[in-house]
Structure formats: C-alpha cells, structure tokens
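**Student:** Input query12.txt, format and content: compact mmCIF, C-alpha atoms and all ligand atoms.
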# COMPACT_ATOMS: atom_id res chain seq x y z
CA MET A 1268 -128.83 6.31 2.32
CA SER A 1269 -127.05 8.88 4.55
CA HIS A 1270 -126.92 12.58 3.71
CA LEU A 1271 -123.14 12.23 3.22
CA ALA A 1272 -123.45 9.23 0.89
CA LEU A 1273 -126.04 11.13 -1.16
CA GLN A 1274 -123.70 14.11 -1.43
CA GLN A 1275 -120.83 11.92 -2.57
CA GLN A 1276 -122.95 10.55 -5.41
CA SER A 1277 -124.39 13.89 -6.52
CA SER A 1278 -122.96 16.10 -9.21
CA TRP A 1279 -121.46 19.39 -8.05
CA GLN A 1280 -124.35 21.23 -9.65
CA GLU A 1281 -126.81 19.22 -7.55
CA VAL A 1282 -124.80 19.91 -4.42
CA LEU A 1283 -124.66 23.60 -5.34
CA ALA A 1284 -128.42 23.64 -5.82
CA SER A 1285 -128.88 22.29 -2.27
CA THR A 1286 -127.08 25.32 -0.75
CA ILE A 1287 -128.75 26.58 2.43
CA THR A 1288 -130.11 30.10 1.98
CA ASP A 1289 -132.49 30.36 4.91
CA THR A 1290 -131.24 31.24 8.40
CA ALA A 1291 -134.04 29.32 10.18
CA GLU A 1292 -133.15 26.20 8.16
CA LEU A 1293 -129.47 26.68 9.02
CA CYS A 1294 -130.28 26.91 12.74
CA ARG A 1295 -132.54 23.87 12.54
CA LEU A 1296 -129.87 21.76 10.82
CA LEU A 1297 -127.26 22.78 13.40
CA ASP A 1298 -129.53 22.34 16.44
CA LEU A 1299 -129.19 26.01 17.29
CA ASP A 1300 -131.65 28.07 19.23
CA LEU A 1301 -133.86 30.03 16.83
CA ALA A 1302 -133.63 32.95 19.26
CA CYS A 1303 -130.10 33.62 17.98
CA LEU A 1304 -131.52 34.56 14.56
CA PRO A 1305 -131.04 38.15 13.50
CA GLU A 1306 -134.66 38.92 12.70
CA GLY A 1307 -135.31 41.09 9.66
CA HIS A 1308 -131.54 41.51 9.23
CA PRO A 1309 -131.13 44.43 6.78
CA MET A 1310 -127.90 43.00 5.32
CA LEU A 1311 -129.57 39.76 4.23
CA GLN A 1312 -131.40 41.56 1.42
CA GLN A 1313 -128.15 42.91 0.07
CA PHE A 1314 -125.89 39.93 0.77
CA PRO A 1315 -127.99 36.83 1.36
CA LEU A 1316 -127.04 33.76 3.35
CA ARG A 1317 -125.36 31.00 1.30
CA VAL A 1318 -123.95 27.87 2.95
CA PRO A 1319 -123.08 24.82 0.86
CA THR A 1320 -124.11 21.52 2.45
CA PRO A 1321 -120.64 19.84 2.48
CA TYR A 1322 -119.33 22.86 4.42
CA LEU A 1323 -122.32 22.76 6.75
CA GLY A 1324 -121.49 19.10 7.44
CA ARG A 1325 -118.13 20.15 8.95
CA MET A 1326 -119.73 22.51 11.49
CA GLU A 1327 -120.23 21.41 15.07
CA LYS A 1328 -123.90 21.03 15.94
CA GLY A 1329 -125.18 23.14 18.82
CA ASN A 1330 -122.14 25.46 18.79
CA PRO A 1331 -123.04 29.07 17.88
CA PHE A 1332 -119.30 29.92 17.98
CA ASP A 1333 -118.25 27.26 15.53
CA PRO A 1334 -115.44 28.88 13.43
CA LEU A 1335 -117.05 27.80 10.15
CA LEU A 1336 -120.50 28.99 11.15
CA MET A 1337 -119.16 32.38 12.25
CA GLN A 1338 -117.82 33.00 8.72
CA VAL A 1339 -121.28 32.71 7.20
CA PHE A 1340 -123.72 33.70 9.91
CA PRO A 1341 -125.17 37.20 9.48
CA ALA A 1342 -124.48 38.82 12.87
CA HIS A 1343 -126.36 41.85 14.21
CA ALA A 1344 -123.03 43.72 14.22
CA GLU A 1345 -123.05 43.84 10.40
CA SER A 1346 -125.60 46.61 10.35
CA LEU A 1347 -123.51 48.94 12.56
CA GLU A 1348 -121.62 51.79 10.90
CA HIS A 1349 -117.89 52.14 11.63
CA PRO A 1350 -115.61 54.99 10.62
CA GLY A 1351 -112.98 53.89 8.09
CA TYR A 1352 -115.19 51.08 6.70
CA SER A 1353 -116.67 51.52 3.22
CA ALA A 1354 -118.42 49.71 0.38
CA ASP A 1355 -115.27 49.73 -1.81
CA PRO A 1356 -112.36 49.47 0.67
CA LEU A 1357 -109.77 48.72 -2.01
CA GLN A 1358 -111.08 51.42 -4.37
CA GLU A 1359 -111.28 48.84 -7.12
CA SER A 1360 -113.54 51.02 -9.23
CA ALA A 1361 -110.44 53.17 -9.92
CA ALA A 1362 -108.65 50.16 -11.51
CA ASN A 1363 -111.49 48.98 -13.75
CA PRO A 1364 -110.34 49.93 -17.31
CA LYS A 1365 -112.93 47.73 -19.10
CA PRO A 1366 -115.98 45.88 -17.82
CA GLY A 1367 -114.89 42.64 -16.20
CA ILE A 1368 -111.20 43.63 -15.82
CA LEU A 1369 -109.34 44.94 -12.81
CA HIS A 1370 -105.79 46.03 -13.58
CA LYS A 1371 -104.20 46.96 -10.27
CA TYR A 1372 -100.72 45.46 -10.45
CA GLU A 1373 -97.99 45.43 -13.09
CA GLY A 1374 -97.84 42.26 -15.20
CA ARG A 1375 -101.12 40.85 -13.88
CA ALA A 1376 -104.76 41.51 -14.68
CA LEU A 1377 -107.81 40.16 -12.95
CA LEU A 1378 -110.92 38.99 -14.79
CA LEU A 1379 -114.21 39.07 -12.91
CA VAL A 1380 -115.61 36.04 -14.68
CA THR A 1381 -118.70 35.63 -12.51
CA SER A 1382 -120.51 37.24 -9.60
CA SER A 1383 -121.58 33.88 -8.15
CA CYS A 1384 -120.10 32.14 -5.14
CA ALA A 1385 -121.00 28.83 -3.53
CA ILE A 1386 -120.75 30.51 -0.14
CA HIS A 1387 -121.25 34.04 1.14
CA CYS A 1388 -118.43 34.94 3.53
CA ARG A 1389 -119.65 37.77 5.73
CA TYR A 1390 -116.23 39.52 5.67
CA CYS A 1391 -115.98 39.50 1.83
CA PHE A 1392 -114.45 42.75 0.55
CA ARG A 1393 -116.54 42.48 -2.64
CA ARG A 1394 -119.85 42.11 -0.82
CA HIS A 1395 -120.95 45.50 -2.19
CA PHE A 1396 -119.16 45.29 -5.57
CA PRO A 1397 -121.24 46.56 -8.54
CA TYR A 1398 -121.20 43.26 -10.44
CA GLN A 1399 -124.14 44.39 -12.57
CA ASP A 1400 -121.73 46.84 -14.34
CA ASN A 1401 -118.93 44.30 -14.58
CA LEU A 1402 -120.28 41.14 -16.12
CA PRO A 1403 -119.92 41.67 -19.84
CA GLY A 1404 -121.58 39.28 -22.29
CA LYS A 1405 -119.39 37.28 -24.71
CA GLN A 1406 -119.40 40.16 -27.21
CA HIS A 1407 -118.13 42.67 -24.68
CA TRP A 1408 -115.57 40.20 -23.37
CA GLN A 1409 -113.89 40.52 -26.77
CA GLU A 1410 -113.25 44.17 -25.95
CA SER A 1411 -111.80 43.22 -22.58
CA LEU A 1412 -109.68 40.45 -24.14
CA ALA A 1413 -108.39 42.96 -26.70
CA TYR A 1414 -107.23 45.11 -23.76
CA LEU A 1415 -105.17 42.14 -22.48
CA ALA A 1416 -103.78 41.47 -25.97
CA GLU A 1417 -102.67 45.09 -26.35
CA ASP A 1418 -100.76 45.23 -23.07
CA LYS A 1419 -97.74 43.00 -23.62
CA SER A 1420 -96.58 43.46 -20.03
CA ILE A 1421 -99.43 41.22 -18.81
CA SER A 1422 -98.12 37.67 -18.42
CA GLU A 1423 -100.57 36.41 -15.80
CA VAL A 1424 -104.35 36.49 -15.78
CA ILE A 1425 -106.25 35.94 -12.56
CA PHE A 1426 -109.77 34.56 -12.66
CA SER A 1427 -111.76 35.98 -9.81
CA GLY A 1428 -115.28 37.10 -9.07
CA GLY A 1429 -117.30 35.75 -7.39
CA ASP A 1430 -115.79 32.30 -7.49
CA PRO A 1431 -114.54 31.34 -10.97
CA LEU A 1432 -115.12 27.62 -10.35
CA SER A 1433 -118.84 28.30 -9.95
CA LEU A 1434 -118.83 28.72 -13.75
CA PRO A 1435 -119.65 25.63 -15.82
CA ASP A 1436 -116.66 24.04 -17.55
CA LYS A 1437 -117.75 25.23 -20.99
CA TYR A 1438 -117.36 28.89 -19.95
CA LEU A 1439 -114.00 28.27 -18.28
CA ASP A 1440 -112.91 26.44 -21.41
CA TRP A 1441 -113.94 29.43 -23.53
CA PHE A 1442 -111.77 31.76 -21.42
CA PHE A 1443 -108.80 29.38 -21.62
CA GLU A 1444 -109.18 29.15 -25.42
CA GLU A 1445 -109.43 32.90 -25.86
CA LEU A 1446 -106.45 33.57 -23.60
CA ALA A 1447 -104.40 30.91 -25.42
CA LYS A 1448 -104.55 33.21 -28.47
CA ILE A 1449 -102.61 35.91 -26.60
CA PRO A 1450 -98.92 34.88 -26.79
CA HIS A 1451 -97.66 36.96 -23.84
CA ILE A 1452 -100.00 35.32 -21.33
CA HIS A 1453 -98.21 32.41 -19.68
CA ARG A 1454 -99.97 31.85 -16.39
CA ILE A 1455 -103.59 31.55 -15.29
CA ARG A 1456 -104.38 31.85 -11.63
CA LEU A 1457 -107.79 31.07 -10.17
CA HIS A 1458 -108.88 32.34 -6.78
CA THR A 1459 -111.45 29.93 -5.43
CA ARG A 1460 -113.10 28.52 -2.32
CA LEU A 1461 -115.00 25.83 -4.25
CA PRO A 1462 -112.61 22.87 -3.79
CA ILE A 1463 -113.13 23.38 -0.05
CA MET A 1464 -116.82 24.29 -0.09
CA ILE A 1465 -117.96 21.68 -2.63
CA PRO A 1466 -115.10 19.25 -3.32
CA GLN A 1467 -117.32 17.46 -5.87
CA ARG A 1468 -116.54 20.44 -8.16
CA ILE A 1469 -113.10 18.93 -8.82
CA THR A 1470 -114.04 16.48 -11.53
CA SER A 1471 -111.60 14.77 -13.90
CA ALA A 1472 -112.98 16.95 -16.73
CA LEU A 1473 -112.16 20.11 -14.76
CA CYS A 1474 -108.66 18.84 -13.91
CA GLN A 1475 -108.06 18.16 -17.60
CA LEU A 1476 -109.26 21.63 -18.53
CA LEU A 1477 -107.06 23.34 -15.92
CA ALA A 1478 -104.05 21.26 -16.92
CA ASN A 1479 -104.00 22.95 -20.35
CA PRO A 1480 -100.34 22.63 -21.42
CA ARG A 1481 -100.39 26.13 -22.94
CA PHE A 1482 -100.35 27.65 -19.41
CA GLN A 1483 -98.99 27.17 -15.94
CA THR A 1484 -102.12 27.04 -13.80
CA ILE A 1485 -102.20 28.06 -10.17
CA LEU A 1486 -105.13 27.65 -7.81
CA VAL A 1487 -105.17 29.97 -4.84
CA LEU A 1488 -107.56 28.42 -2.36
CA HIS A 1489 -109.10 30.33 0.48
CA SER A 1490 -109.29 28.45 3.74
CA ASN A 1491 -109.37 30.09 7.14
CA HIS A 1492 -109.54 27.13 9.51
CA ALA A 1493 -108.25 23.55 9.74
CA GLN A 1494 -111.80 22.32 10.42
CA GLU A 1495 -112.66 23.21 6.79
CA PHE A 1496 -110.81 20.08 5.63
CA ASP A 1497 -112.05 16.51 5.41
CA GLN A 1498 -111.25 13.47 3.27
CA GLU A 1499 -113.31 14.76 0.35
CA VAL A 1500 -111.36 18.02 0.29
CA ASP A 1501 -108.11 16.04 0.49
CA ARG A 1502 -109.20 13.94 -2.47
CA ALA A 1503 -110.09 17.04 -4.51
CA CYS A 1504 -106.69 18.59 -3.76
CA GLU A 1505 -104.90 15.37 -4.66
CA SER A 1506 -106.65 15.27 -8.06
CA LEU A 1507 -105.61 18.86 -8.73
CA ARG A 1508 -102.00 18.17 -7.74
CA LYS A 1509 -101.88 15.04 -9.89
CA ALA A 1510 -103.01 17.20 -12.81
CA GLY A 1511 -99.98 19.44 -12.20
CA ILE A 1512 -101.85 22.40 -10.71
CA VAL A 1513 -99.91 24.47 -8.16
CA LEU A 1514 -101.93 24.87 -4.95
CA LEU A 1515 -101.51 27.87 -2.66
CA ASN A 1516 -103.73 29.19 0.11
CA GLN A 1517 -104.66 32.61 1.35
CA SER A 1518 -106.48 33.22 4.59
CA VAL A 1519 -108.04 36.22 6.22
CA LEU A 1520 -107.23 36.84 9.88
CA LEU A 1521 -110.65 36.91 11.55
CA LYS A 1522 -111.51 37.74 15.14
CA GLY A 1523 -113.04 34.82 17.00
CA ILE A 1524 -112.33 32.44 14.10
CA ASN A 1525 -108.59 32.01 13.59
CA ASP A 1526 -106.92 34.74 15.68
CA SER A 1527 -104.88 32.41 17.86
CA CYS A 1528 -101.50 30.77 17.36
CA GLU A 1529 -103.08 27.30 17.82
CA ALA A 1530 -105.71 27.90 15.11
CA LEU A 1531 -103.20 29.33 12.61
CA LYS A 1532 -100.65 26.60 13.31
CA ALA A 1533 -103.28 23.88 12.86
CA LEU A 1534 -104.39 25.53 9.60
CA SER A 1535 -100.86 25.66 8.14
CA GLU A 1536 -100.21 22.04 9.07
CA ARG A 1537 -103.55 20.89 7.66
CA LEU A 1538 -103.00 22.82 4.43
CA PHE A 1539 -99.61 21.21 3.94
CA GLN A 1540 -101.05 17.78 4.68
CA ALA A 1541 -103.44 18.41 1.76
CA GLY A 1542 -100.52 19.49 -0.46
CA ILE A 1543 -101.23 23.23 -0.29
CA LEU A 1544 -98.65 25.88 0.62
CA PRO A 1545 -99.77 28.63 3.03
CA TYR A 1546 -99.17 31.79 1.02
CA TYR A 1547 -100.85 34.91 2.43
CA LEU A 1548 -102.47 35.80 5.73
CA HIS A 1549 -104.48 38.94 5.01
CA LEU A 1550 -105.48 41.58 7.46
CA LEU A 1551 -109.17 42.30 7.04
CA ASP A 1552 -110.16 44.65 4.23
CA ARG A 1553 -112.28 47.34 5.86
CA VAL A 1554 -115.54 46.67 4.10
CA SER A 1555 -118.82 47.93 5.59
CA GLY A 1556 -120.47 45.25 7.67
CA ALA A 1557 -117.27 43.41 8.62
CA ALA A 1558 -115.77 45.53 11.41
CA HIS A 1559 -116.56 42.91 14.04
CA PHE A 1560 -114.02 40.57 12.36
CA GLU A 1561 -111.07 42.98 12.61
CA VAL A 1562 -107.86 41.87 14.38
CA SER A 1563 -105.39 44.67 15.20
CA GLU A 1564 -102.11 44.89 13.31
CA GLU A 1565 -100.24 44.58 16.61
CA LYS A 1566 -101.95 41.30 17.48
CA ALA A 1567 -101.43 40.01 13.93
CA ARG A 1568 -97.68 40.67 14.14
CA ALA A 1569 -97.47 38.88 17.49
CA LEU A 1570 -99.35 35.88 16.08
CA VAL A 1571 -97.04 35.57 13.09
CA ALA A 1572 -93.97 35.93 15.36
CA ALA A 1573 -95.34 33.07 17.47
CA LEU A 1574 -95.94 30.99 14.33
CA GLN A 1575 -92.37 31.59 13.19
CA LYS A 1576 -91.12 30.12 16.45
CA SER A 1577 -93.21 26.99 16.27
CA LEU A 1578 -93.35 26.14 12.53
CA SER A 1579 -90.90 25.53 9.69
CA GLY A 1580 -90.52 28.67 7.58
CA TYR A 1581 -92.39 27.26 4.58
CA LEU A 1582 -95.50 26.82 6.76
CA VAL A 1583 -95.64 30.47 7.84
CA PRO A 1584 -97.82 32.59 5.53
CA LYS A 1585 -96.83 36.17 4.67
CA LEU A 1586 -98.80 38.68 6.68
CA VAL A 1587 -100.07 41.37 4.31
CA ARG A 1588 -102.53 44.19 3.96
CA GLU A 1589 -103.92 45.47 0.68
CA ASN A 1590 -103.80 49.24 0.52
CA PRO A 1591 -105.70 50.94 -2.30
CA GLY A 1592 -103.49 52.43 -5.01
CA GLU A 1593 -100.31 50.57 -3.99
CA SER A 1594 -98.43 48.56 -6.61
CA SER A 1595 -98.53 45.32 -4.59
CA LYS A 1596 -99.80 43.97 -1.29
CA THR A 1597 -98.01 45.54 1.69
CA PRO A 1598 -96.05 43.09 3.89
CA ILE A 1599 -96.60 43.67 7.62
CA GLY A 1600 -93.90 42.98 10.14
S1 LIG A 1701 -115.95 32.97 -1.80
FE1 LIG A 1701 -114.57 34.72 -1.98
S2 LIG A 1701 -115.64 36.17 -3.35
FE2 LIG A 1701 -117.17 34.67 -2.60
S3 LIG A 1701 -118.06 35.63 -0.77
FE3 LIG A 1701 -116.36 34.34 -0.07
S4 LIG A 1701 -114.59 35.73 0.04
FE4 LIG A 1701 -116.16 36.72 -1.24
Could you write out this structure as structure tokens?
**Tutor:**
Amino acid sequence: MSHLALQQQSSWQEVLASTITDTAELCRLLDLDLACLPEGHPMLQQFPLRVPTPYLGRMEKGNPFDPLLMQVFPAHAESLEHPGYSADPLQESAANPKPGILHKYEGRALLLVTSSCAIHCRYCFRRHFPYQDNLPGKQHWQESLAYLAEDKSISEVIFSGGDPLSLPDKYLDWFFEELAKIPHIHRIRLHTRLPIMIPQRITSALCQLLANPRFQTILVLHSNHAQEFDQEVDRACESLRKAGIVLLNQSVLLKGINDSCEALKALSERLFQAGILPYYLHLLDRVSGAAHFEVSEEKARALVAALQKSLSGYLVPKLVRENPGESSKTPIG
C-alpha cells in the first residue's frame, strides 16, 4: 500500500506520531543533499524540527527552496543576533493576568490551551514563550475560568497555544463545557494549522464538538502558500463548513516564501476555493531567530496594492502588524 493510502487510513494521532523530527531524515525523504544540513544547530535544542508527514508530502523533492520546506527548515541564519528582535516581541508576558490566559484586547481573551503543535514554524512568535509557566492543570484552570466569568465584557474566547487542535477531543470538550457555563461568552475562536498540516484531524466527532449550538465557532487557519492545499485539506475544510464553522485564514508575509504578488494571489484564490476567507496578512513579528524572513513594510504595501488591482476585494487580506501594548492589530497602508 502507498504511503499516501496508509496516511488516509490512519487516525490523526497515528499521523501525528509519524511527524519527522530529524533533519537528516527530512533531507533523505526529500532527496536533498545532506551537506545543506545545519550541523549542531543551536536552535534545534530550543525549538526542535517538527514536520507532519501529510505536509511533507506536498513539498517538491530535490528543491531546497520549496516554500513549504523553507517554513520548517532550521536555517543557519536563525542563530544570528539582530537588533530589534527579541524572545517576546509582542510583550505578551505583560498581558498574562492568570496562568493560561492572555488578555490583550477588549472583549476577547486568549486561552493557551496547549504548548504542542503538529509543526514547528521557524518564524513562530511564540517559539521562546515560557509555556512551562502557562499550562495550568485542571484545578488551576478553574481560577482562570473564574477570571473570564468575572469580566462580563469578554464575549469571545480564543483557543491558542500551541495549536488547540493538537489536544484530544475530550480536553476540547471540557473547555467547551466549562465556557458554556459563562453566559456572556458567545463566540469561540480557534487558531490552528492542523486542518492543513494533518487534515485527518477533522473527524466527524470533532466537527460535532465544534458545532456546539451554544456558541458561534470560528476557525482561523494559518496557511502561507497555495501549495499547502490538496484534496485532503479541501475535504477537511468542507466537513468544517458543513458543520457550520466559519473559516478564515491568516498568513504571515515571509521573505522567499510568499513575498510576491503571484504567490499571494494564488494563495487567496486557493483559500477561497476551499471555502476560506483570506482575513489577515501579518508582517513578521520580530522574534529572535526569524529576521531572515522579514519583508519590509514598503514592499508589503506595494504587494497589497498589486493584489487590490488583480483580485476582488473580498480576496484581499488586511495587511496588519501587531504592536505590543496597542488595543488592536495595526492596519498598514
Ligand atoms: S503552528 Fe502556530 S503556534 Fe505552532 S509553531 Fe506554527 S505558528 Fe507557532
């Protein structure tokens, strides 16, 4: 049986367990020259390689500049220091009233429900986040849930992490049940890459759980390139839409990966084909180790202006930057 057929028949947990964590193995599977390996890369200790096999299957063999590979491959440039880049670029520790909660914006609070991700994106702004201080056990979650119950201005709770869909259903269900007891919470939003990384994660049981009639549920996916889609991802998105889940996408503008009008246009069109609205295009958060991905604000504006000329308005994402301490994301342009 082919590798693909095996994947299609496996549970998402089995697919997750087959994640590639070794750079030599990654190079071997992609027919890449082992000489391109960053030997003894200091950043791999801190932020290891993680590449799920369905995502790997969409990379072009023999191409070291494949746009999917470049998002996960630990480059030498990560270990270089750059002024203006830091471990906590959004100063999230200043908005962390209780373990597991970030309360940055009015009306919304973010729950860090897990530190796990199916993939490690090298530009991730939480790559240095102190998860060890922010993953309360069930008992301590009660304290954090009480914080949400006390603040009646909070109508939307955002599940983040890590990737919230890397949690087993029973934990997600527990959060939904607990939040259902708080009358002023009406919407649950999940920020996730899993439907794209491991589409098998979108089971009928998960769709049923997310479709809880007590809430409006929104999934904000994170795709950066049209090549991240295939039929399996389309099927996962269709199941979510049929369950009544609103699907939005946010991307990060990344040098060498999607910083061209053609790449961004193809991404918006592919997202819409899968029933997902392009929502945000983020400028890079200046996290240590990611400077080589930065695209200038000037180039970003020019790219969005070019997109506006060639796409219908609803396909053009909002270009934004997140500035620490501001009451919302800052629109650019
Ligand atoms: S999936 Fe999201 S949280 Fe996880 S490493 Fe990638 S960008 Fe960061």
**Student:** With distances taken over all atoms listed in the file, which residue among A:Pro1480, A:Pro1598, A:Pro1331, A:Gly1429 lies nearest ligand LIG 1701 (chain A)?
**Tutor:** A:Gly1429
**Student:** Could the residues that lie within 12 Å of ligand LIG 1701 (chain A), counting only C-alpha atoms and all ligand atoms, be listed as a PyMOL selection string?
**Tutor:** chain A and resi 1314-1319+1338-1339+1379-1396+1398+1426-1433+1457-1465+1487-1491+1517-1519+1549+1551-1552+1554+1557
**Student:** Keeping only C-alpha atoms, take the residues you just selected and write them out as a short mmCIF file (atom, residue, chain, number, x, y, z; two decimals), keeping the file's coordinate frame.
**Tutor:**
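In the end it all went to selection28.cif:
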data_model
loop_
_atom_site.label_atom_id
_atom_site.label_comp_id
_atom_site.auth_asym_id
_atom_site.auth_seq_id
_atom_site.Cartn_x
_atom_site.Cartn_y
_atom_site.Cartn_z
CA PHE A 1314 -125.89 39.93 0.77
CA PRO A 1315 -127.99 36.83 1.36
CA LEU A 1316 -127.04 33.76 3.35
CA ARG A 1317 -125.36 31.00 1.30
CA VAL A 1318 -123.95 27.87 2.95
CA PRO A 1319 -123.08 24.82 0.86
CA GLN A 1338 -117.82 33.00 8.72
CA VAL A 1339 -121.28 32.71 7.20
CA LEU A 1379 -114.21 39.07 -12.91
CA VAL A 1380 -115.61 36.04 -14.68
CA THR A 1381 -118.70 35.63 -12.51
CA SER A 1382 -120.51 37.24 -9.60
CA SER A 1383 -121.58 33.88 -8.15
CA CYS A 1384 -120.10 32.14 -5.14
CA ALA A 1385 -121.00 28.83 -3.53
CA ILE A 1386 -120.75 30.51 -0.14
CA HIS A 1387 -121.25 34.04 1.14
CA CYS A 1388 -118.43 34.94 3.53
CA ARG A 1389 -119.65 37.77 5.73
CA TYR A 1390 -116.23 39.52 5.67
CA CYS A 1391 -115.98 39.50 1.83
CA PHE A 1392 -114.45 42.75 0.55
CA ARG A 1393 -116.54 42.48 -2.64
CA ARG A 1394 -119.85 42.11 -0.82
CA HIS A 1395 -120.95 45.50 -2.19
CA PHE A 1396 -119.16 45.29 -5.57
CA TYR A 1398 -121.20 43.26 -10.44
CA PHE A 1426 -109.77 34.56 -12.66
CA SER A 1427 -111.76 35.98 -9.81
CA GLY A 1428 -115.28 37.10 -9.07
CA GLY A 1429 -117.30 35.75 -7.39
CA ASP A 1430 -115.79 32.30 -7.49
CA PRO A 1431 -114.54 31.34 -10.97
CA LEU A 1432 -115.12 27.62 -10.35
CA SER A 1433 -118.84 28.30 -9.95
CA LEU A 1457 -107.79 31.07 -10.17
CA HIS A 1458 -108.88 32.34 -6.78
CA THR A 1459 -111.45 29.93 -5.43
CA ARG A 1460 -113.10 28.52 -2.32
CA LEU A 1461 -115.00 25.83 -4.25
CA PRO A 1462 -112.61 22.87 -3.79
CA ILE A 1463 -113.13 23.38 -0.05
CA MET A 1464 -116.82 24.29 -0.09
CA ILE A 1465 -117.96 21.68 -2.63
CA VAL A 1487 -105.17 29.97 -4.84
CA LEU A 1488 -107.56 28.42 -2.36
CA HIS A 1489 -109.10 30.33 0.48
CA SER A 1490 -109.29 28.45 3.74
CA ASN A 1491 -109.37 30.09 7.14
CA GLN A 1517 -104.66 32.61 1.35
CA SER A 1518 -106.48 33.22 4.59
CA VAL A 1519 -108.04 36.22 6.22
CA HIS A 1549 -104.48 38.94 5.01
CA LEU A 1551 -109.17 42.30 7.04
CA ASP A 1552 -110.16 44.65 4.23
CA VAL A 1554 -115.54 46.67 4.10
CA ALA A 1557 -117.27 43.41 8.62
#
**Student:** Could you jot down the CA of His1343 in chain A to CA of Leu1311 in chain A separation for me, Å, one decimal place?
**Tutor:**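 Result for CA of His1343 in chain A versus CA of Leu1311 in chain A: 10.7 Å, one decimal.
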**Student:** How far is it from CA of Gln1406 in chain A to CA of Leu1476 in chain A, in Å with one decimal?
**Tutor:** 22.8 Å
**Student:** Using CA of Ser1579 in chain A and CA of Gln1494 in chain A as the two end points, give the distance in Å to one decimal.
**Tutor:**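 Spanning CA of Ser1579 in chain A to CA of Gln1494 in chain A is a straight-line distance of 21.2 Å.
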**Student:** Which residues are close to range 1511-1516 of chain A, i.e. within 7 Å by only C-alpha atoms, leaving aside same-chain residues fewer than 2 positions away? Reply as a VMD selection string.
**Tutor:** chain A and resid 1478 1484 to 1490 1507 to 1509 1518 1543 to 1547
**Student:** Here is a test: counting only C-alpha atoms, which residue of A:His1559, A:Lys1585, A:Gln1575, A:Phe1442 is nearest to His1349 in chain A?
**Tutor:**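 The shortest atom-to-atom distance to His1349 in chain A comes from A:His1559.
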**Student:** Using all atoms listed in the file for the distances, tell me which of A:Leu1538, A:Ala1376, A:Val1282, A:Leu1439 is nearest to Ala1472 in chain A.
**Tutor:**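 Using all atoms listed in the file, the shortest distance to Ala1472 in chain A belongs to A:Leu1439.
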**Student:** Of the candidates A:Ala1344, A:Tyr1438, A:Ala1533, A:Glu1359, which one gets nearest to Gly1404 in chain A if we count all atoms listed in the file?
**Tutor:** A:Tyr1438
**Student:** Can you pull out the residues contacting Asp1300 in chain A? Cut-off 10 Å, using only C-alpha atoms, and skip same-chain residues under 6 positions away; I want them as a tab-separated table (two decimals) with C-alpha atoms, in the frame of the given file.
**Tutor:**
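This is the output file around_20.tsv:
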chain	number	residue	atom	x	y	z
A	1291	ALA	CA	-134.04	29.32	10.18
A	1294	CYS	CA	-130.28	26.91	12.74
A	1329	GLY	CA	-125.18	23.14	18.82
A	1330	ASN	CA	-122.14	25.46	18.79
A	1331	PRO	CA	-123.04	29.07	17.88
**Student:** Just checking: using only C-alpha atoms, which residue out of A:Cys1504, A:Ile1425, A:Ala1362, A:Leu1412 ends up closest to Glu1444 in chain A?
**Tutor:**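 Selected residue with least distance to Glu1444 in chain A: A:Leu1412.
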**Student:** Looking at A:Ser1278, A:Ser1555, A:Asn1590, A:Ser1535, which one is nearest to Val1571 in chain A, with distances taken over all atoms listed in the file?
**Tutor:**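 Of A:Ser1278, A:Ser1555, A:Asn1590, A:Ser1535, the one nearest Val1571 in chain A, counting all atoms listed in the file, is A:Ser1535.
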**Student:** Take range 1472-1485 of chain A, model N, CA and C atoms, and hand the result over as a PDB file, in the frame of the given file.
**Tutor:**
ATOM      1  N   ALA A1472    -112.868  16.039 -15.570  1.00  0.00           N
ATOM      2  CA  ALA A1472    -112.980  16.950 -16.730  1.00  0.00           C
ATOM      3  C   ALA A1472    -112.408  18.324 -16.371  1.00  0.00           C
ATOM      4  N   LEU A1473    -112.689  18.790 -15.154  1.00  0.00           N
ATOM      5  CA  LEU A1473    -112.160  20.110 -14.760  1.00  0.00           C
ATOM      6  C   LEU A1473    -110.634  20.042 -14.643  1.00  0.00           C
ATOM      7  N   CYS A1474    -110.119  18.957 -14.060  1.00  0.00           N
ATOM      8  CA  CYS A1474    -108.660  18.840 -13.910  1.00  0.00           C
ATOM      9  C   CYS A1474    -107.988  18.871 -15.284  1.00  0.00           C
ATOM     10  N   GLN A1475    -108.619  18.194 -16.235  1.00  0.00           N
ATOM     11  CA  GLN A1475    -108.060  18.160 -17.600  1.00  0.00           C
ATOM     12  C   GLN A1475    -108.051  19.569 -18.209  1.00  0.00           C
ATOM     13  N   LEU A1476    -109.138  20.271 -17.985  1.00  0.00           N
ATOM     14  CA  LEU A1476    -109.260  21.630 -18.530  1.00  0.00           C
ATOM     15  C   LEU A1476    -108.186  22.554 -17.924  1.00  0.00           C
ATOM     16  N   LEU A1477    -108.017  22.459 -16.607  1.00  0.00           N
ATOM     17  CA  LEU A1477    -107.060  23.340 -15.920  1.00  0.00           C
ATOM     18  C   LEU A1477    -105.623  22.989 -16.280  1.00  0.00           C
ATOM     19  N   ALA A1478    -105.412  21.719 -16.614  1.00  0.00           N
ATOM     20  CA  ALA A1478    -104.050  21.260 -16.920  1.00  0.00           C
ATOM     21  C   ALA A1478    -103.639  21.608 -18.348  1.00  0.00           C
ATOM     22  N   ASN A1479    -104.324  22.521 -18.982  1.00  0.00           N
ATOM     23  CA  ASN A1479    -104.000  22.950 -20.350  1.00  0.00           C
ATOM     24  C   ASN A1479    -102.502  23.232 -20.481  1.00  0.00           C
ATOM     25  N   PRO A1480    -101.808  22.497 -21.373  1.00  0.00           N
ATOM     26  CA  PRO A1480    -100.340  22.630 -21.420  1.00  0.00           C
ATOM     27  C   PRO A1480     -99.869  24.005 -21.909  1.00  0.00           C
ATOM     28  N   ARG A1481    -100.766  24.786 -22.456  1.00  0.00           N
ATOM     29  CA  ARG A1481    -100.390  26.130 -22.940  1.00  0.00           C
ATOM     30  C   ARG A1481    -100.025  27.073 -21.768  1.00  0.00           C
ATOM     31  N   PHE A1482    -100.543  26.747 -20.565  1.00  0.00           N
ATOM     32  CA  PHE A1482    -100.350  27.650 -19.410  1.00  0.00           C
ATOM     33  C   PHE A1482     -99.777  26.899 -18.207  1.00  0.00           C
ATOM     34  N   GLN A1483     -99.201  27.675 -17.305  1.00  0.00           N
ATOM     35  CA  GLN A1483     -98.990  27.170 -15.940  1.00  0.00           C
ATOM     36  C   GLN A1483    -100.230  27.614 -15.178  1.00  0.00           C
ATOM     37  N   THR A1484    -100.880  26.689 -14.495  1.00  0.00           N
ATOM     38  CA  THR A1484    -102.120  27.040 -13.800  1.00  0.00           C
ATOM     39  C   THR A1484    -101.905  26.950 -12.298  1.00  0.00           C
ATOM     40  N   ILE A1485    -102.366  27.971 -11.635  1.00  0.00           N
ATOM     41  CA  ILE A1485    -102.200  28.060 -10.170  1.00  0.00           C
ATOM     42  C   ILE A1485    -103.588  28.227  -9.567  1.00  0.00           C
TER      43      ILE A1485
END
